[in-house]
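In what follows, a structure is listed as structure tokens, so that the remarks can point back to it.
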Amino acid sequence: MNLRNILLGATMLCAATTPVYAFAQDAAPAGEPAAASDVDYGNDIIVTASKRSQTLQDTPIAVSVTSAADIQNSAIRDLIDLQSAVPSLRVSQLQSSANTNFIIRGFGNGANNAGIEPSVGVFIDGVYRSRSAAQIGDLPNLERVEVLRGPQSTLFGKNASAGVISIVTQKPQFDFGGSAEVSYGNYDAITAKASITGPISETIAFSLAGNFNRRDGYAQDLNLDTDVNDRNRWGVRGQLLFEPTDALSIRLIGDYDKIDENCCIAGNVIAGPTIGITNALVGGPSVDANNPFSYNVYNNFLSSNEIENYGGSAQIDYDLGNLALTSITAYRKVQADTNQDSDFTSADLIGEKSDKVGIDTFTQEIRLTSDFDGPVNFLLGGYYFHEKVKQQSAIKFGDDFRDYGNALIQGASGGLLNVGVLEGALGAPSGSFFKVGTGLDEAYRMKNTAWSIFGTVDFEVTDRLTLSAGANYTQDRKRFSTDVVSSDAFSKVNLDAGAYAPFRNQLLFQGGVAAGVGQALGLNRAATAAEVNAFAGANPVAFGGIATAAQTNANNNQNNPAANPLNPLKAFQFLPDFFNLPNAFEPNRTRDNDLAWSLRAAYEVTDTVNVYATYATGFKASSVNLSRESRPLAADLAAIVAAGQATPNLTSGTRFATPEESEVYEIGLKGQWSVAALNLAVFKQSIKGFQSNVFNGTGFELVNAEKQSTFGIEFDGSVRPVQGLNLTLAVTYLDPKYDKFTNSSFGDISGTMPAGIPELTMAVGGTYTHEFAGGTRAIFHADYHYESPVQIVEGLNGFPPSVAQSLKREVNQLNASFTLALTNGLEVGVWGRNLTNAKYLTTVFPAVAQSGSVSGYPNQPRTYGVTGRFKF
């Protein structure tokens, strides 16, 4: 085993140790295009899963490797597109360019709440990217992307309880070379990438890479008369590689990425009763009702996304003979400033819903790896993580919300009330309820410090049998604070207060009379004011009896919260005063520790077939709810109320979710033959304390599911039936369920299937390369991605379960490309993604402040274009 190869290859490290990664084979020398024979389609690729150089066949880990050639042929632009090549991976972009959710084997969360770290860890060149704003890029100078499936906490630490995505870019070369690429597609899409590498001296090499991606929006805002959902992003990346001796290697990386674009449209999936009101407010259509795939939307201002992501890292590898010392130091900064018309209508209901997030992350890892000739080898290391999160948010009423609220209140009260009447009856200044510009101003802070000690031991029992054990001890500390101020006057009113008993009495009496007269007239509704007056004049005795009964009921129930006639109006109190932290009743910190461990046996049955068995545990630390739905626990709320410190309309919830603890039992088989290769894994995976993060229409509810589990089978294989033709098939079968989830946002859903996880996912692909006389090559590629029908969400607040059950997603996506590669390094080609223009919803949610309506994010429509590429 060559220790130098291990050191030069070990570029993916973070969390608890270096990620598993695989690469086809050494890249073609600079200035020479890769030949068809250079592409490795099977398991003949080198990996360093446990810091040992092995072929993919010999690596006893479920890992999918997508090479730069695969990404080029499939026109994969970012990690969202990657899921079409890796069936066990699901990626969805949410309400902004900064929010993306990653799921592996049906497990994953995070994305749209800065206090929630993802369950799927993302690494770029060995550096952990803690939030998804840093995880979307155009992948310049890419070498490969690996997806490690199942808990990886033994190697990666506290945020890999569901799996890992690791991205590797090319390191600097000591031979001068480079490449340039320009692509043009529909929606006036222009992408450009360029890189150059070469020697500075005999011991120092450099590389520079840049990328630019601009595209018009594929949706149309009919109210603002402009396209939306555009792309506008660019980035630069520089590297230096020092190799002063054969034993020492130092790799320095610095990068900067910028996003400034409009994202993301949400179509109307179900038009509720409020649509008529918003239409009336704007004097025309306010949404494209019940038509999310028209890609026509109506907003009153353009959403904005400005995101900066930058940082640097230093990796040092030192060969000590039979030992290798590796260190990685990294600093990352993410700044995101987003604002969105979150009611997704042309009515100005929510005039501002902005988020400004700053995340500073420092990491340091050091590890020692042995390479003894004997049967025992080890790895020992330590890891430090320090992060600061600062978030400022705001949600404010727009110009139309007062009129909108007035119409809703009139409807909810049967015409008895309007906003002006409420202000007078509740003693509020005229014009104060739902005043434009009022709402919530929010500020959140969190500091996270963690460290871990980790190690693995490999014991070669025989030449064919290897036993491995690993462990990772992690301590994680979080401290957080809030400064949230409400200026929404109506949400501050306690509608159950004793001071309003006379008003409630009056409403109960009026409602009782209207109901009694309606019954006397044989109506299936309450009588109108005109009908009451007519009945009273024609039937004074009967009316007197109705009035007396209504007054008695009003007197008896004016202080009864259950009979409060103002209860329907509490739905409009969604921006109440916030009970801030720190305070005297609740902790504003979490302290977690865990020992994650793994056992593995790998056996070489023959020279072409290997099998393995694994048991591993995983850990994800507590997550903090940095959103307006952060609320005291029920027990803490009782103490707050008892002390007389409760703010108006304070309800219970959660401040944070407790840790996730995962485990997996897995057996696998890997085979490699001259014309075919296959990988098969069968597993049972579960997470106790799964951190569920659900949008309820105004904020995010963070709760723990007691247990979620999945039985699954994964298969991927390739075959080369004739020279130049390679066929691939990857299939994932998942049978997930909530073993126990009693306190979900939708009640007890124990025993049900988690939403959004298709039972069957499949990726089928084929690449044919024809080499002409003289070396010119024609390359045709096609791939098809399928996901079986699945319910999109577990439930929708305010809707019966049947509504959520009726909303399903099925994916049928076809991608293809054709490339002509000349011998001088020039390549020209055409490509297309989602060629059949398949349509499906990625996510649905209750429409903001619009009871009875549902919004959803439609997938990206068909895209296609031409590409020119030159390698030198």
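Identifiers in the structure tokens: chain A, B, ... in order shown; residue index from 1 per chain; ligand index from 1 in order shown.
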TODO: Among the residues of segment 49-233 of chain A, find those DSSP assigns to strand (DSSP E or B) from the backbone and print them as a PyMOL selection string.
DONE: chain A and resi 54-55+63-67+89-93+100-104+107+120-124+127-129+142-149+159+163-169+177-185+189-199+204-215+219-221+226-228+231-233
Task: Nearby residues (only C-alpha atoms) at most 8 Å from segment 321-334 of chain A, same-chain spacing under 2 positions excluded, as a ChimeraX atom specification - done: /A:3,7,13-14,126-127,129,133-134,307-319,336,357-372
Task: Long-range neighbours of segment 430-444 of chain A as JSON, numbers by chain, 9 Å cut-off, only C-alpha atoms, 6 positions minimum in chain - done: {"A": [351, 352, 389, 390, 391, 392, 393, 394, 395, 396, 397, 398, 399, 400, 401, 402, 403, 405, 419, 420, 422, 423, 424, 480, 481, 482, 483, 484, 485, 486, 487, 488, 489, 490, 491, 575, 576, 577, 626, 627, 628]}
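Excluding Glu660 of chain A and any residue on its chain fewer than 4 positions from it, the residues at most 9 Å away by only C-alpha atoms are Ser119, Ser161, Gly618, Phe619, Lys620, Ala621, Ser622, Ile687, Lys688, Gly689, Phe690, Gln691 and Asn704 of chain A.
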Residues of the last selection are to be written out with N, CA, C and O atoms, as a tab-separated table (two decimals), in the first residue's frame.
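Result file is again.tsv:
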chain	number	residue	atom	x	y	z
A	119	SER	N	-29.17	17.01	8.68
A	119	SER	CA	-28.81	15.63	9.02
A	119	SER	C	-27.87	15.02	7.98
A	119	SER	O	-27.27	13.98	8.23
A	161	SER	N	-25.87	12.15	10.61
A	161	SER	CA	-26.70	11.05	11.09
A	161	SER	C	-27.47	10.38	9.97
A	161	SER	O	-27.95	9.26	10.13
A	618	GLY	N	-25.31	6.80	14.74
A	618	GLY	CA	-25.07	8.18	14.33
A	618	GLY	C	-25.66	9.14	15.35
A	618	GLY	O	-26.49	8.77	16.19
A	619	PHE	N	-25.25	10.39	15.24
A	619	PHE	CA	-25.65	11.40	16.23
A	619	PHE	C	-25.76	12.76	15.56
A	619	PHE	O	-24.93	13.13	14.74
A	620	LYS	N	-26.83	13.44	15.91
A	620	LYS	CA	-26.98	14.84	15.53
A	620	LYS	C	-27.39	15.61	16.77
A	620	LYS	O	-28.34	15.24	17.46
A	621	ALA	N	-26.68	16.69	17.06
A	621	ALA	CA	-26.91	17.44	18.29
A	621	ALA	C	-28.25	18.17	18.24
A	621	ALA	O	-28.93	18.24	17.21
A	622	SER	N	-28.63	18.74	19.37
A	622	SER	CA	-29.87	19.51	19.46
A	622	SER	C	-29.89	20.62	18.42
A	622	SER	O	-28.86	21.22	18.10
A	687	ILE	N	-33.95	6.36	13.17
A	687	ILE	CA	-33.53	7.54	13.91
A	687	ILE	C	-34.49	7.76	15.07
A	687	ILE	O	-35.70	7.86	14.86
A	688	LYS	N	-33.97	7.77	16.27
A	688	LYS	CA	-34.75	8.14	17.44
A	688	LYS	C	-34.60	9.64	17.68
A	688	LYS	O	-33.49	10.16	17.67
A	689	GLY	N	-35.74	10.30	17.87
A	689	GLY	CA	-35.70	11.74	18.08
A	689	GLY	C	-35.55	12.53	16.80
A	689	GLY	O	-35.00	13.64	16.83
A	690	PHE	N	-36.06	12.00	15.69
A	690	PHE	CA	-35.94	12.72	14.42
A	690	PHE	C	-36.49	14.14	14.55
A	690	PHE	O	-37.59	14.35	15.03
A	691	GLN	N	-35.71	15.13	14.11
A	691	GLN	CA	-36.06	16.53	14.26
A	691	GLN	C	-36.93	16.97	13.08
A	691	GLN	O	-36.45	17.20	11.98
A	704	ASN	N	-39.64	16.75	17.96
A	704	ASN	CA	-38.99	15.45	17.78
A	704	ASN	C	-40.02	14.36	17.53
A	704	ASN	O	-41.02	14.27	18.25
Task: Distance query segment 671-675 of chain A at most 6 Å, only C-alpha atoms, self and fewer than 2 positions along chain excluded, as a ChimeraX atom specification - done: /A:608-609,677-678,719-720
Could you take the residues named above and write them with all heavy atoms, as an mmCIF file, in the first residue's frame?
data_model
loop_
_atom_site.group_PDB
_atom_site.id
_atom_site.type_symbol
_atom_site.label_atom_id
_atom_site.label_comp_id
_atom_site.auth_asym_id
_atom_site.auth_seq_id
_atom_site.Cartn_x
_atom_site.Cartn_y
_atom_site.Cartn_z
ATOM 1 N N THR A 608 -13.452 -11.384 -7.490
ATOM 2 C CA THR A 608 -14.390 -10.470 -8.141
ATOM 3 C C THR A 608 -15.619 -10.147 -7.305
ATOM 4 O O THR A 608 -16.410 -9.297 -7.696
ATOM 5 C CB THR A 608 -14.865 -11.054 -9.489
ATOM 6 O OG1 THR A 608 -15.484 -12.323 -9.255
ATOM 7 C CG2 THR A 608 -13.694 -11.220 -10.453
ATOM 8 N N VAL A 609 -15.806 -10.803 -6.177
ATOM 9 C CA VAL A 609 -17.002 -10.601 -5.355
ATOM 10 C C VAL A 609 -16.599 -10.391 -3.900
ATOM 11 O O VAL A 609 -15.865 -11.211 -3.330
ATOM 12 C CB VAL A 609 -17.972 -11.792 -5.460
ATOM 13 C CG1 VAL A 609 -19.159 -11.584 -4.531
ATOM 14 C CG2 VAL A 609 -18.441 -11.982 -6.892
ATOM 15 N N ALA A 677 -20.339 -4.582 -13.471
ATOM 16 C CA ALA A 677 -20.093 -4.335 -12.052
ATOM 17 C C ALA A 677 -21.427 -4.117 -11.368
ATOM 18 O O ALA A 677 -22.394 -3.662 -11.999
ATOM 19 C CB ALA A 677 -19.202 -3.113 -11.858
ATOM 20 N N LEU A 678 -21.499 -4.464 -10.088
ATOM 21 C CA LEU A 678 -22.733 -4.226 -9.337
ATOM 22 C C LEU A 678 -22.416 -3.973 -7.877
ATOM 23 O O LEU A 678 -21.387 -4.412 -7.351
ATOM 24 C CB LEU A 678 -23.710 -5.395 -9.473
ATOM 25 C CG LEU A 678 -23.369 -6.739 -8.823
ATOM 26 C CD1 LEU A 678 -23.764 -6.787 -7.338
ATOM 27 C CD2 LEU A 678 -24.070 -7.862 -9.560
ATOM 28 N N VAL A 719 -22.982 -2.293 -17.181
ATOM 29 C CA VAL A 719 -22.589 -3.365 -18.085
ATOM 30 C C VAL A 719 -22.131 -2.749 -19.400
ATOM 31 O O VAL A 719 -22.688 -1.731 -19.857
ATOM 32 C CB VAL A 719 -23.752 -4.363 -18.318
ATOM 33 C CG1 VAL A 719 -24.946 -3.665 -18.947
ATOM 34 C CG2 VAL A 719 -23.306 -5.543 -19.165
ATOM 35 N N ARG A 720 -21.099 -3.331 -19.994
ATOM 36 C CA ARG A 720 -20.592 -2.901 -21.293
ATOM 37 C C ARG A 720 -20.779 -4.040 -22.288
ATOM 38 O O ARG A 720 -19.868 -4.859 -22.490
ATOM 39 C CB ARG A 720 -19.122 -2.518 -21.171
ATOM 40 C CG ARG A 720 -18.888 -1.195 -20.465
ATOM 41 C CD ARG A 720 -17.431 -0.934 -20.154
ATOM 42 N NE ARG A 720 -17.024 -1.654 -18.945
ATOM 43 C CZ ARG A 720 -15.825 -1.535 -18.371
ATOM 44 N NH1 ARG A 720 -14.928 -0.742 -18.889
ATOM 45 N NH2 ARG A 720 -15.531 -2.220 -17.291
#
Task: Selection near Tyr404 of chain A, 12 Å with only C-alpha atoms, sequence-local residues under 5 positions removed, as a ChimeraX atom specification - done: /A:274-282,347-350,397-399,409-411,418-419,433-436,572,849-850
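For the set A:Leu155, A:Asp355, A:Phe174, A:Ile196, the residue with the smallest atom-to-atom gap to Leu379 of chain A is A:Leu155, counting only C-alpha atoms.
Using only C-alpha atoms, the shortest contact distance between Gln551 of chain A and any of A:Lys388, A:Lys839, A:Lys670, A:Arg504 is found at A:Arg504.
Counting from atom CA of Thr819 of chain A, the distance to atom CA of Phe715 of chain A is 28.7 Å.
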